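J.: Compact mmCIF, C-alpha atoms, saved as upload30.txt, coming up:
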# COMPACT_ATOMS: atom_id res chain seq x y z
CA MET A 25 -5.87 9.24 100.57
CA GLU A 26 -7.13 8.07 97.20
CA TYR A 27 -5.96 9.07 93.74
CA THR A 28 -5.74 7.57 90.25
CA HIS A 29 -3.06 6.48 87.77
CA ARG A 30 -4.12 6.12 84.13
CA TYR A 31 -2.37 4.04 81.46
CA CYS A 32 -2.83 3.42 77.75
CA ALA A 33 -3.86 -0.18 77.03
CA HIS A 34 -3.19 -2.23 73.89
CA PRO A 35 -5.46 -5.30 73.97
CA PRO A 36 -5.11 -7.80 71.10
CA SER A 37 -8.10 -7.92 68.77
CA GLU A 38 -9.66 -10.99 70.39
CA VAL A 39 -9.24 -9.50 73.89
CA ALA A 40 -10.64 -6.15 72.70
CA ALA A 41 -13.70 -7.95 71.34
CA GLU A 42 -14.19 -9.70 74.68
CA LEU A 43 -13.81 -6.39 76.52
CA GLU A 44 -16.51 -4.85 74.35
CA ARG A 45 -18.80 -7.81 75.02
CA HIS A 46 -18.29 -7.58 78.79
CA ILE A 47 -18.87 -3.82 78.78
CA ASP A 48 -22.15 -4.32 76.92
CA ILE A 49 -23.26 -6.89 79.51
CA HIS A 50 -22.49 -4.36 82.23
CA ARG A 51 -24.51 -1.77 80.29
CA GLN A 52 -27.47 -4.14 80.32
CA ALA A 53 -26.98 -4.67 84.06
CA TYR A 54 -26.96 -0.91 84.61
CA ASN A 55 -30.17 -0.49 82.63
CA TYR A 56 -31.80 -3.39 84.45
CA THR A 57 -30.88 -1.85 87.80
CA ARG A 58 -32.59 1.34 86.66
CA TYR A 59 -35.65 -0.64 85.55
CA GLU A 60 -35.97 -2.44 88.89
CA TYR A 61 -35.42 0.75 90.88
CA GLU A 62 -38.34 2.36 89.05
CA ASP A 63 -40.74 -0.58 88.72
CA LEU A 64 -40.34 -2.87 91.75
CA PRO A 65 -42.63 -2.16 94.72
CA ASP A 66 -41.32 0.35 97.27
CA ASP A 67 -41.57 -2.20 100.09
CA THR A 68 -39.11 -4.58 98.40
CA ASP A 69 -36.16 -5.04 100.75
CA THR A 70 -33.69 -5.36 97.85
CA ILE A 71 -34.30 -1.91 96.36
CA GLY A 72 -33.19 1.51 97.57
CA SER A 73 -29.43 1.15 98.03
CA ALA A 74 -26.52 -0.51 96.27
CA TYR A 75 -25.95 -2.87 99.20
CA LYS A 76 -29.57 -4.03 99.11
CA HIS A 77 -29.67 -4.30 95.34
CA HIS A 78 -26.64 -6.62 95.33
CA LYS A 79 -28.99 -9.28 96.70
CA ARG A 80 -30.79 -9.22 93.34
CA LEU A 81 -27.73 -10.45 91.45
CA LYS A 82 -28.23 -14.16 92.16
CA PRO A 83 -31.84 -14.13 90.86
CA TRP A 84 -30.58 -12.16 87.87
CA LYS A 85 -28.08 -14.87 86.97
CA ASP A 86 -30.75 -17.56 87.32
CA GLU A 87 -33.11 -15.66 85.03
CA PHE A 88 -30.51 -14.21 82.64
CA PRO A 89 -27.40 -16.49 82.43
CA VAL A 90 -25.52 -13.78 80.51
CA PHE A 91 -24.98 -11.91 83.79
CA GLY A 92 -23.01 -14.90 85.05
CA GLU A 93 -20.47 -14.46 82.25
CA VAL A 94 -18.91 -11.39 83.88
CA HIS A 95 -16.98 -11.18 87.13
CA SER A 96 -19.23 -11.01 90.21
CA LYS A 97 -17.42 -8.06 91.87
CA ALA A 98 -17.47 -6.12 88.62
CA LEU A 99 -21.22 -6.75 88.35
CA GLN A 100 -21.71 -5.44 91.90
CA ARG A 101 -19.71 -2.34 90.99
CA THR A 102 -22.03 -1.68 88.03
CA VAL A 103 -25.05 -1.74 90.34
CA THR A 104 -23.20 0.61 92.70
CA ARG A 105 -22.46 2.85 89.72
CA PHE A 106 -26.18 3.42 89.21
CA TYR A 107 -26.67 4.43 92.83
CA ASP A 108 -23.58 6.67 92.73
CA ASN A 109 -25.07 8.45 89.71
CA LEU A 110 -28.36 8.74 91.56
CA SER A 111 -26.60 10.34 94.53
CA ASN A 112 -24.69 12.75 92.27
CA LEU A 113 -27.96 13.72 90.60
CA LYS A 114 -29.47 14.55 93.98
CA ASP A 115 -26.41 16.60 94.96
CA ARG A 116 -26.65 18.65 91.75
CA LYS A 117 -30.36 19.23 92.33
CA ASP A 118 -29.68 20.38 95.90
CA ALA A 119 -27.00 22.73 94.52
CA GLY A 120 -29.58 24.45 92.31
CA TYR A 121 -29.02 22.72 88.99
CA ASN A 122 -32.00 21.85 86.80
CA VAL A 123 -31.71 18.07 86.55
CA GLY A 124 -33.91 15.36 85.09
CA TRP A 125 -33.75 11.60 85.62
CA LEU A 126 -31.06 9.03 84.92
CA LYS A 127 -31.41 7.90 81.33
CA TRP A 128 -31.32 4.46 79.83
CA LYS A 129 -27.79 3.87 78.52
CA ALA A 130 -27.32 3.24 74.80
CA PRO A 131 -24.20 1.28 73.72
CA ARG A 132 -22.22 4.40 72.80
CA GLU A 133 -23.04 6.03 76.15
CA PHE A 134 -21.66 3.19 78.27
CA GLN A 135 -18.03 2.42 77.46
CA SER A 136 -16.35 1.38 80.71
CA MET A 137 -16.44 -1.20 83.49
CA THR A 138 -14.80 -1.45 86.90
CA TYR A 139 -13.29 -4.38 88.77
CA SER A 140 -13.44 -3.77 92.51
CA GLN A 141 -11.44 -5.60 95.21
CA SER A 142 -10.71 -8.74 93.19
CA GLY A 143 -10.60 -10.24 89.74
CA PHE A 144 -7.50 -8.37 88.55
CA GLU A 145 -3.72 -8.53 88.81
CA LEU A 146 -0.98 -6.17 87.59
CA LYS A 147 2.05 -8.15 86.36
CA ASN A 148 5.44 -7.66 84.68
CA THR A 149 5.98 -4.09 85.91
CA SER A 150 9.78 -4.02 85.72
CA GLY A 151 10.03 -2.14 82.40
CA GLN A 152 8.16 0.35 80.24
CA THR A 153 5.37 -2.14 79.66
CA ALA A 154 3.18 -4.12 82.04
CA THR A 155 0.33 -6.62 81.86
CA LEU A 156 -3.09 -6.39 83.48
CA TRP A 157 -4.91 -9.68 83.98
CA LEU A 158 -8.70 -9.49 84.26
CA SER A 159 -10.81 -12.44 85.34
CA LYS A 160 -12.88 -14.00 82.52
CA ILE A 161 -11.12 -11.78 79.95
CA GLY A 162 -7.34 -12.39 79.98
CA ASP A 163 -4.14 -10.37 79.70
CA ILE A 164 -4.05 -6.75 78.52
CA PRO A 165 -0.68 -5.10 77.71
CA LEU A 166 -0.19 -1.59 79.12
CA THR A 167 2.23 1.25 78.45
CA TYR A 168 3.64 1.48 81.99
CA HIS A 169 4.97 5.05 81.83
CA ARG A 170 5.09 5.56 85.62
CA ASP A 171 5.36 3.17 88.53
CA ILE A 172 2.64 2.60 91.06
CA PRO A 173 4.16 3.37 94.50
CA ASP A 174 5.00 0.35 96.62
CA GLU A 175 2.97 1.73 99.52
CA ALA A 176 -0.16 2.19 97.37
CA VAL A 177 -2.94 -0.40 97.35
CA ILE A 178 -4.94 -0.90 94.15
CA LYS A 179 -8.60 -0.69 95.17
CA GLU A 180 -10.26 -0.65 91.75
CA VAL A 181 -9.41 -1.08 88.08
CA THR A 182 -11.47 0.66 85.40
CA VAL A 183 -11.20 -0.19 81.71
CA LYS A 184 -12.53 2.43 79.29
CA HIS A 185 -13.02 2.44 75.53
CA GLU A 186 -12.59 6.02 74.29
CA PRO A 187 -14.62 7.45 71.36
CA THR A 188 -11.36 7.57 69.40
CA GLY A 189 -11.12 3.77 69.58
CA GLU A 190 -8.30 3.80 72.15
CA TRP A 191 -8.34 1.78 75.38
CA PHE A 192 -7.27 3.12 78.77
CA VAL A 193 -6.93 1.53 82.21
CA SER A 194 -7.25 3.53 85.44
CA PHE A 195 -6.05 2.24 88.82
CA ALA A 196 -7.73 3.71 91.90
CA LEU A 197 -4.94 3.82 94.50
CA ASP A 198 -5.17 4.16 98.27
CA VAL A 199 -2.21 5.31 100.37
CA ASP A 200 -2.22 5.39 104.18
CA GLU A 201 -1.53 8.79 105.72
CA GLU A 202 1.57 7.44 107.45
CA HIS A 203 3.23 7.12 104.02
CA LEU A 204 2.46 10.72 103.01
CA PRO A 205 4.95 13.55 103.59
CA GLU A 206 4.31 15.74 106.63
CA LYS A 207 3.07 19.25 106.07
CA GLN A 208 4.92 22.22 107.51
CA PRO A 209 3.34 23.21 110.87
CA VAL A 210 1.15 26.27 110.35
CA ASP A 211 2.87 28.32 113.03
CA GLU A 212 6.27 27.67 111.39
CA LEU A 213 5.35 28.88 107.88
CA GLU A 214 7.62 31.46 106.25
CA ALA A 215 6.41 34.27 103.99
CA VAL A 216 8.39 33.15 100.97
CA ASP A 217 6.88 29.66 101.23
CA CYS A 218 3.24 30.87 101.02
CA VAL A 219 1.50 32.07 97.87
CA GLY A 220 -1.88 33.45 96.91
CA VAL A 221 -3.12 32.59 93.41
CA ASP A 222 -5.55 34.73 91.43
CA LEU A 223 -7.27 32.90 88.56
CA GLY A 224 -7.84 35.10 85.53
CA ILE A 225 -8.70 35.36 81.86
CA LEU A 226 -5.92 37.46 80.30
CA ASN A 227 -3.44 35.47 82.40
CA TYR A 228 -4.19 31.97 83.59
CA ILE A 229 -2.85 32.67 87.09
CA HIS A 230 -1.15 35.54 88.87
CA THR A 231 0.70 34.82 92.12
CA SER A 232 1.17 37.06 95.14
CA ASP A 233 4.94 37.13 94.57
CA GLY A 234 4.53 38.77 91.17
CA LEU A 235 4.63 35.88 88.71
CA SER A 236 1.93 35.62 86.05
CA VAL A 237 1.42 32.67 83.70
CA GLU A 238 -0.32 33.39 80.43
CA LYS A 239 -3.36 31.40 79.36
CA LEU A 240 -3.01 28.37 77.11
CA GLU A 241 -3.55 29.22 73.45
CA ILE A 242 -5.79 26.55 71.92
CA GLU A 243 -7.85 28.62 69.48
CA ALA A 244 -6.19 26.86 66.52
CA GLU A 245 -7.38 23.53 67.93
CA TYR A 246 -10.91 24.86 68.27
CA GLU A 247 -10.85 26.03 64.65
CA ARG A 248 -9.85 22.50 63.56
CA LEU A 249 -12.69 21.15 65.69
CA ARG A 250 -15.23 23.49 64.09
CA LYS A 251 -14.16 22.47 60.59
CA ALA A 252 -14.23 18.77 61.48
CA GLN A 253 -17.71 19.10 63.00
CA ARG A 254 -19.02 20.88 59.90
CA THR A 255 -17.67 18.05 57.77
CA LEU A 256 -19.27 15.47 60.09
CA SER A 257 -22.66 17.20 59.80
CA ARG A 258 -22.59 16.64 56.02
CA ARG A 259 -21.90 12.91 56.33
CA GLU A 260 -24.70 10.35 56.37
CA GLN A 261 -24.93 8.99 59.89
CA GLY A 262 -23.97 5.35 60.27
CA ARG A 263 -21.99 5.12 57.02
CA GLU A 264 -18.26 4.30 56.92
CA ASN A 265 -17.21 7.87 56.07
CA TRP A 266 -19.37 9.20 58.91
CA GLU A 267 -17.69 6.84 61.37
CA LYS A 268 -14.22 7.90 60.22
CA GLN A 269 -15.11 11.57 60.60
CA ARG A 270 -16.70 10.95 63.99
CA LYS A 271 -13.43 9.47 65.23
CA ARG A 272 -11.56 12.46 63.77
CA VAL A 273 -13.80 14.83 65.75
CA ALA A 274 -13.31 12.75 68.90
CA SER A 275 -9.54 12.81 68.35
CA ILE A 276 -9.46 16.61 68.16
CA LYS A 277 -11.58 16.92 71.30
CA ARG A 278 -9.27 14.52 73.08
CA ARG A 279 -6.23 16.54 72.00
CA ILE A 280 -7.79 19.72 73.43
CA ARG A 281 -8.58 18.00 76.74
CA ARG A 282 -5.08 16.57 76.96
CA LYS A 283 -3.42 19.91 76.27
CA VAL A 284 -5.43 21.63 78.99
CA LEU A 285 -4.92 18.80 81.48
CA ASP A 286 -1.18 18.53 80.77
CA PHE A 287 -0.78 22.28 81.32
CA GLN A 288 -2.76 22.14 84.56
CA HIS A 289 -0.86 19.10 85.85
CA LYS A 290 2.50 20.78 85.33
CA LEU A 291 1.40 24.11 86.80
CA SER A 292 -0.31 22.57 89.84
CA THR A 293 2.62 20.24 90.52
CA TRP A 294 5.00 23.20 90.41
CA LEU A 295 2.86 25.16 92.90
CA VAL A 296 2.57 22.39 95.51
CA THR A 297 6.27 21.51 95.29
CA GLU A 298 7.52 25.13 95.25
CA TYR A 299 5.44 26.34 98.21
CA ASP A 300 4.41 25.05 101.64
CA ALA A 301 1.01 26.76 101.40
CA VAL A 302 -1.07 27.62 98.32
CA PHE A 303 -4.27 29.66 98.50
CA VAL A 304 -6.74 29.92 95.65
CA GLU A 305 -10.18 31.44 95.10
CA ASP A 306 -13.26 29.27 95.61
CA LEU A 307 -14.98 30.31 92.38
CA ASP A 308 -18.62 29.68 91.50
CA VAL A 309 -17.80 28.53 87.97
CA LYS A 310 -21.43 27.66 87.11
CA ARG A 311 -22.64 31.20 87.82
CA MET A 312 -19.68 32.77 86.01
CA LEU A 313 -20.29 30.70 82.87
CA GLU A 314 -23.95 31.61 82.82
CA GLY A 315 -23.50 35.33 83.34
CA SER A 316 -20.61 36.44 81.16
CA GLN A 317 -19.71 37.04 77.54
CA ASN A 318 -16.37 35.37 78.38
CA ALA A 319 -17.99 31.98 79.02
CA GLN A 320 -15.90 30.22 76.34
CA ASN A 321 -12.65 31.51 77.83
CA LYS A 322 -13.70 30.59 81.34
CA GLN A 323 -14.70 27.10 80.25
CA ASP A 324 -11.34 26.65 78.53
CA ALA A 325 -9.62 27.69 81.75
CA ALA A 326 -11.23 24.70 83.56
CA TRP A 327 -10.67 26.37 86.92
CA ARG A 328 -12.56 23.80 88.98
CA GLN A 329 -10.47 21.00 87.52
CA PHE A 330 -7.29 22.98 88.28
CA ILE A 331 -8.36 23.48 91.92
CA GLN A 332 -9.12 19.76 92.29
CA LEU A 333 -5.65 18.91 91.00
CA LEU A 334 -4.12 21.29 93.54
CA GLU A 335 -6.08 19.77 96.41
CA TYR A 336 -5.22 16.13 95.81
CA LYS A 337 -1.56 16.86 95.02
CA ALA A 338 -1.24 18.85 98.24
CA ASP A 339 -1.38 15.67 100.31
CA LEU A 340 1.09 13.88 98.02
CA HIS A 341 3.66 16.68 98.36
CA GLY A 342 3.08 17.91 101.92
CA CYS A 343 1.53 21.25 100.99
CA HIS A 344 -1.33 23.21 102.56
CA VAL A 345 -4.00 24.16 99.98
CA ARG A 346 -7.01 26.25 100.96
CA GLN A 347 -9.85 27.82 98.97
CA VAL A 348 -10.89 31.30 100.08
CA ASN A 349 -13.89 33.53 99.50
CA PRO A 350 -13.29 35.35 96.17
CA GLU A 351 -15.66 38.23 96.92
CA ASN A 352 -14.06 41.64 96.31
CA THR A 353 -10.51 40.32 95.98
CA THR A 354 -10.13 42.53 92.89
CA LYS A 355 -11.88 45.57 94.36
CA MET A 356 -10.19 45.59 97.77
CA CYS A 357 -6.86 47.34 98.20
CA SER A 358 -4.31 44.87 99.59
CA GLU A 359 -2.54 47.74 101.34
CA CYS A 360 -5.37 49.49 103.23
CA GLY A 361 -8.51 47.42 102.58
CA VAL A 362 -10.58 50.12 100.86
CA LYS A 363 -12.89 48.81 98.09
CA THR A 364 -12.84 50.46 94.68
CA ASP A 365 -15.12 49.43 91.81
CA LYS A 366 -13.32 48.99 88.50
CA PRO A 367 -14.55 47.66 85.11
CA LEU A 368 -12.93 44.58 83.60
CA TRP A 369 -10.91 46.58 81.08
CA VAL A 370 -9.07 48.47 83.87
CA ARG A 371 -6.00 46.32 84.49
CA GLU A 372 -4.28 48.45 87.14
CA HIS A 373 -5.31 48.89 90.76
CA SER A 374 -5.02 52.45 92.02
CA CYS A 375 -6.34 53.07 95.53
CA PRO A 376 -8.02 56.49 95.99
CA SER A 377 -7.50 56.25 99.75
CA CYS A 378 -3.83 55.37 100.23
CA GLY A 379 -2.49 55.86 96.69
CA PHE A 380 -1.25 52.27 96.42
CA GLU A 381 -0.81 51.19 92.78
CA LEU A 382 -0.32 47.68 91.48
CA ASP A 383 -1.36 45.32 88.70
CA ARG A 384 -5.03 44.41 89.18
CA ASP A 385 -4.46 40.65 89.31
CA TRP A 386 -1.40 40.96 91.55
CA ASN A 387 -3.42 43.01 94.03
CA ALA A 388 -6.12 40.29 94.01
CA ALA A 389 -3.49 37.58 94.61
CA LEU A 390 -2.21 39.47 97.67
CA ASN A 391 -5.77 39.57 99.04
CA VAL A 392 -6.10 35.84 98.38
CA LEU A 393 -2.86 35.29 100.30
CA GLU A 394 -4.12 37.22 103.32
CA ARG A 395 -7.45 35.37 103.39
CA GLY A 396 -5.70 32.04 103.01
CA LEU A 397 -3.40 32.70 105.96
CA ARG A 398 -6.40 33.58 108.08
CA LYS A 399 -8.21 30.41 106.95
CA LEU A 400 -5.26 28.33 108.17
CA GLY A 401 -6.09 29.62 111.65
CA LEU A 402 -3.28 32.10 112.09
CA GLY A 403 -3.92 35.07 114.36
CA GLN A 404 -3.87 38.71 113.32
CA SER A 405 -0.25 39.29 114.40
CA GLU A 406 1.00 36.16 112.62
CA VAL A 407 -0.78 37.08 109.39
CA GLN A 408 0.60 40.60 109.55
CA ARG A 409 4.12 39.28 110.12
CA LEU A 410 3.95 36.99 107.10
CA LEU A 411 2.47 39.69 104.88
CA GLU A 412 5.09 42.23 105.89
CA THR A 413 8.01 39.88 105.27
CA GLY A 414 6.42 38.73 102.00
CA ALA A 415 6.00 42.34 100.88
CA ALA A 416 9.77 42.78 100.93
CA VAL A 417 9.78 41.86 97.23
CA GLU A 418 9.96 45.09 95.26
CA GLN A 419 6.39 45.79 94.17
CA THR A 420 7.39 46.89 90.66
CA HIS A 421 9.09 43.58 89.85
CA ARG A 422 6.47 41.69 87.87
CA GLU A 423 7.27 38.76 85.64
CA SER A 424 5.17 37.06 82.97
CA VAL A 425 5.70 33.50 81.76
CA SER A 426 4.12 32.00 78.63
CA ALA A 427 1.99 28.88 78.85
CA SER A 428 4.18 27.19 76.25
CA SER A 429 7.22 27.47 78.52
CA VAL A 430 5.26 25.73 81.29
CA VAL A 431 4.34 22.91 78.93
CA GLU A 432 7.88 22.53 77.57
CA ALA A 433 9.80 22.88 80.85
CA GLY A 434 7.24 21.39 83.21
CA SER A 435 7.16 24.54 85.37
CA PRO A 436 7.19 28.33 84.96
CA THR A 437 10.72 29.15 83.76
CA ARG A 438 12.25 32.58 83.94
CA GLU A 439 14.54 34.20 81.44
CA GLN A 440 18.25 33.68 82.02
CA GLY A 441 19.61 36.25 84.44
CA SER A 442 16.19 37.06 85.90
CA PRO A 443 16.23 36.75 89.72
CA ASP A 444 14.08 34.16 91.41
CA LEU A 445 11.30 35.97 93.27
CA LYS A 446 11.65 33.84 96.38
CA GLU A 447 15.41 34.46 96.50
CA ALA A 448 14.78 38.19 96.07
CA ALA A 449 12.41 38.17 99.02
CA VAL A 450 14.93 36.40 101.25
CA ALA A 451 17.67 38.83 100.24
CA ALA A 452 15.46 41.83 100.96
CA GLU A 453 14.58 40.72 104.50
What does the file become when written as structure tokens?

T.:
Amino acid sequence: MEYTHRYCAHPPSEVAAELERHIDIHRQAYNYTRYEYEDLPDDTDTIGSAYKHHKRLKPWKDEFPVFGEVHSKALQRTVTRFYDNLSNLKDRKDAGYNVGWLKWKAPREFQSMTYSQSGFELKNTSGQTATLWLSKIGDIPLTYHRDIPDEAVIKEVTVKHEPTGEWFVSFALDVDEEHLPEKQPVDELEAVDCVGVDLGILNYIHTSDGLSVEKLEIEAEYERLRKAQRTLSRREQGRENWEKQRKRVASIKRRIRRKVLDFQHKLSTWLVTEYDAVFVEDLDVKRMLEGSQNAQNKQDAAWRQFIQLLEYKADLHGCHVRQVNPENTTKMCSECGVKTDKPLWVREHSCPSCGFELDRDWNAALNVLERGLRKLGLGQSEVQRLLETGAAVEQTHRESVSASSVVEAGSPTREQGSPDLKEAAVAAE
């Protein structure tokens, strides 16, 4: 499997200047790839795919010697980057998005480059700092806050210059499946080791075993952002004060992104390490953002990003993660299956058929759990067995955890003396 480690870089001023120069050359290569894709005849055998277009690089260097000043593999990766963007554009169009055409990249819009396969070396990794050597550039000190696993192979290295002025380096890692932990066999799963997760607005998540985690409060950060943006709008673009304020706005945006991502990392890591199987709704975030007055809240929740974190961490920690159809998970009674319409402001589920009452989001999480077990391929009797043993937790025992406690402790922490829900389920069996 493939995943990424990201580190803060601290290039000396002369190395930083060389990095900026190389990135700008790659920007020109990207734009020239776009130009040739549009303007060269359709019957040219070097246009139409990244592999074919790589054949154009030698004539490029003969005509424009500046392209020979950057590493050859990195230059190939820039051409591939154009075709990757082209493919992504087609995928979005096929998915129903209204898309245009790939734009010419201005300097501020192109701030990264990637070394693929060769031209880089990670050195001096024994302490809290390390050094990345890049061909034709030199050594770049890194804050090495976590080790790269011995079994991981570095496939690519990407250097990015953030709008705040900071530098970051990302390593694309590849680990063979034989080095990954084995997942619990499906037919050996226990009820207390499976969880359904309902994604919400009032609470960030609600689990099928009765634990809810409140949403992350970042309204104060957004207020700072609004003030900073108003100040930026009054500055004269291109002047020194405008540039300082632009970096201040970028810094606040970065802080918001980091807070959300840090919260999601800790919560997703807790889920895949606490449970053998995690089931979550496959939400159509695009449609939800377009059709609701809660679009800002839903965008802040970054559900799709959270699901992606769950999926890639599942392989690293030996956990099953499945997305299930979210249709009617809130309306359907988890006890008898009868659907009941309820407006958003109604927070309790009360079934008119069987009389079952439960928190609205908890009821949805139980439905997610059932659908997830079925998606794993379990039969009717096996699903029923797991649901019945899982339902041994007293239905009135609901616990709420603040987002700040997740951020501070690294996982949802319960108040002292409060029983662990999984232990309660085992004791009740």

J.: Give me, please, the distance in Å between atom CA of A:Leu340 and atom CA of A:Leu204, quoted to one decimal.

T.: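 We find that atom CA of A:Leu340 and atom CA of A:Leu204 lie 6.1 Å from each other.
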
J.: Quick one: of A:Leu235, A:Ala53, A:Val183, A:Leu334, who's nearest to A:Ala389, counting only C-alpha atoms?

T.: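 Residue with the minimum atom-to-atom distance to A:Ala389: A:Leu235.
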
J.: Which polymer residues have any atom within 12 Å of an atom of A:His78, counting all atoms listed in the file, with same-chain residues fewer than 2 positions away left out, as a PDB file with C-alpha atoms, in the frame of the given file?

T.:
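Once everything was written out, this is selection.pdb:
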ATOM      1  CA  ALA A  53     -26.980  -4.670  84.060  1.00  0.00           C
ATOM      2  CA  THR A  57     -30.880  -1.850  87.800  1.00  0.00           C
ATOM      3  CA  ASP A  69     -36.160  -5.040 100.750  1.00  0.00           C
ATOM      4  CA  THR A  70     -33.690  -5.360  97.850  1.00  0.00           C
ATOM      5  CA  ILE A  71     -34.300  -1.910  96.360  1.00  0.00           C
ATOM      6  CA  GLY A  72     -33.190   1.510  97.570  1.00  0.00           C
ATOM      7  CA  SER A  73     -29.430   1.150  98.030  1.00  0.00           C
ATOM      8  CA  ALA A  74     -26.520  -0.510  96.270  1.00  0.00           C
ATOM      9  CA  TYR A  75     -25.950  -2.870  99.200  1.00  0.00           C
ATOM     10  CA  LYS A  76     -29.570  -4.030  99.110  1.00  0.00           C
ATOM     11  CA  ARG A  80     -30.790  -9.220  93.340  1.00  0.00           C
ATOM     12  CA  LEU A  81     -27.730 -10.450  91.450  1.00  0.00           C
ATOM     13  CA  LYS A  82     -28.230 -14.160  92.160  1.00  0.00           C
ATOM     14  CA  PRO A  83     -31.840 -14.130  90.860  1.00  0.00           C
ATOM     15  CA  TRP A  84     -30.580 -12.160  87.870  1.00  0.00           C
ATOM     16  CA  LYS A  85     -28.080 -14.870  86.970  1.00  0.00           C
ATOM     17  CA  SER A  96     -19.230 -11.010  90.210  1.00  0.00           C
ATOM     18  CA  LYS A  97     -17.420  -8.060  91.870  1.00  0.00           C
ATOM     19  CA  ALA A  98     -17.470  -6.120  88.620  1.00  0.00           C
ATOM     20  CA  LEU A  99     -21.220  -6.750  88.350  1.00  0.00           C
ATOM     21  CA  GLN A 100     -21.710  -5.440  91.900  1.00  0.00           C
ATOM     22  CA  ARG A 101     -19.710  -2.340  90.990  1.00  0.00           C
ATOM     23  CA  THR A 102     -22.030  -1.680  88.030  1.00  0.00           C
ATOM     24  CA  VAL A 103     -25.050  -1.740  90.340  1.00  0.00           C
ATOM     25  CA  THR A 104     -23.200   0.610  92.700  1.00  0.00           C
ATOM     26  CA  ARG A 105     -22.460   2.850  89.720  1.00  0.00           C
ATOM     27  CA  PHE A 106     -26.180   3.420  89.210  1.00  0.00           C
ATOM     28  CA  TYR A 107     -26.670   4.430  92.830  1.00  0.00           C
TER      29      TYR A 107
END

J.: Taking into account only C-alpha atoms, which residue in the set A:Lys268, A:His46, A:His373, A:Lys79 is nearest to A:Cys357?

T.: A:His373

J.: Select, from A:Arg398, A:Tyr336, A:Asn148, A:Ser358, the residue with the minimum atom-to-atom distance to A:Phe380, counting all atoms listed in the file.

T.: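 Closest residue, counting all atoms listed in the file: A:Ser358.
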
J.: Would you list the contacts of A:Asp200 as number ranges by chain, taking every protein, DNA or RNA residue within 12 Å and counting all atoms listed in the file, but skipping same-chain residues closer than 3 positions in sequence?

T.: A: 25-27, 173-177, 197, 203-205, 339-340

J.: Put those residues in a file: C-alpha atoms, as a PDB file, in the coordinates of the input.

T.:
ATOM      1  CA  MET A  25      -5.870   9.240 100.570  1.00  0.00           C
ATOM      2  CA  GLU A  26      -7.130   8.070  97.200  1.00  0.00           C
ATOM      3  CA  TYR A  27      -5.960   9.070  93.740  1.00  0.00           C
ATOM      4  CA  PRO A 173       4.160   3.370  94.500  1.00  0.00           C
ATOM      5  CA  ASP A 174       5.000   0.350  96.620  1.00  0.00           C
ATOM      6  CA  GLU A 175       2.970   1.730  99.520  1.00  0.00           C
ATOM      7  CA  ALA A 176      -0.160   2.190  97.370  1.00  0.00           C
ATOM      8  CA  VAL A 177      -2.940  -0.400  97.350  1.00  0.00           C
ATOM      9  CA  LEU A 197      -4.940   3.820  94.500  1.00  0.00           C
ATOM     10  CA  HIS A 203       3.230   7.120 104.020  1.00  0.00           C
ATOM     11  CA  LEU A 204       2.460  10.720 103.010  1.00  0.00           C
ATOM     12  CA  PRO A 205       4.950  13.550 103.590  1.00  0.00           C
ATOM     13  CA  ASP A 339      -1.380  15.670 100.310  1.00  0.00           C
ATOM     14  CA  LEU A 340       1.090  13.880  98.020  1.00  0.00           C
TER      15      LEU A 340
END

J.: If we count all atoms listed in the file, what is near stretch 236-243 of chain A at a cut-off of 6 Å, once residues fewer than 2 positions away on the same chain are taken out, given as an NGL selection string?

T.: :A and (227-230 or 245-246 or 424-427)

J.: Got a sec: who's within 10 Å of A:Glu381, counting all atoms listed in the file, leaving out chain neighbours fewer than 6 positions off, as a short mmCIF file (atom, residue, chain, number, x, y, z; two decimals) with C-alpha atoms, in the coordinates of the input?

T.:
data_model
loop_
_atom_site.label_atom_id
_atom_site.label_comp_id
_atom_site.auth_asym_id
_atom_site.auth_seq_id
_atom_site.Cartn_x
_atom_site.Cartn_y
_atom_site.Cartn_z
CA CYS A 357 -6.86 47.34 98.20
CA SER A 358 -4.31 44.87 99.59
CA GLU A 359 -2.54 47.74 101.34
CA GLU A 372 -4.28 48.45 87.14
CA HIS A 373 -5.31 48.89 90.76
CA SER A 374 -5.02 52.45 92.02
CA CYS A 375 -6.34 53.07 95.53
CA ASN A 387 -3.42 43.01 94.03
CA GLN A 419 6.39 45.79 94.17
CA THR A 420 7.39 46.89 90.66
#

J.: Quick one: residues within 7 Å of (1.5, 30.0, 103.1) (file frame), counting all atoms listed in the file, please, as a ChimeraX atom specification.

T.: /A:213,215,217-219,300-302,397

J.: Which is closest to A:Gln52 among A:Phe144, A:Phe91, A:Tyr168, A:Trp294, if we use only C-alpha atoms?

T.: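 The closest residue to A:Gln52 is A:Phe91.
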
J.: Nearest residue to A:Val273 out of A:Val94, A:Leu285, A:Leu249, A:Leu411, using only C-alpha atoms?

T.: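 Nearest candidate to A:Val273 out of A:Val94, A:Leu285, A:Leu249, A:Leu411: A:Leu249.
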
J.: Measuring between all atoms listed in the file, which one of A:Thr231, A:Gln347, A:Asp163, A:Arg258 shows the shortest distance to A:Asp383?

T.: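 Closest to A:Asp383 of all the choices is A:Thr231.
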
J.: What's the separation between atom CA of A:Leu166 and atom CA of A:Arg282, in Å to one decimal place?

T.: 18.9 Å

J.: Give me, please, the distance in Å between atom CA of A:Ala338 and atom CA of A:Ser429, quoted to one decimal.

T.: 23.1 Å

J.: Could you give me, as number ranges by chain, the residues within 10 Å of A:Arg58, counting only C-alpha atoms and dropping anything in the same chain fewer than 2 positions from it?

T.: A: 52-56, 60-63, 103, 106-107, 110, 126-129
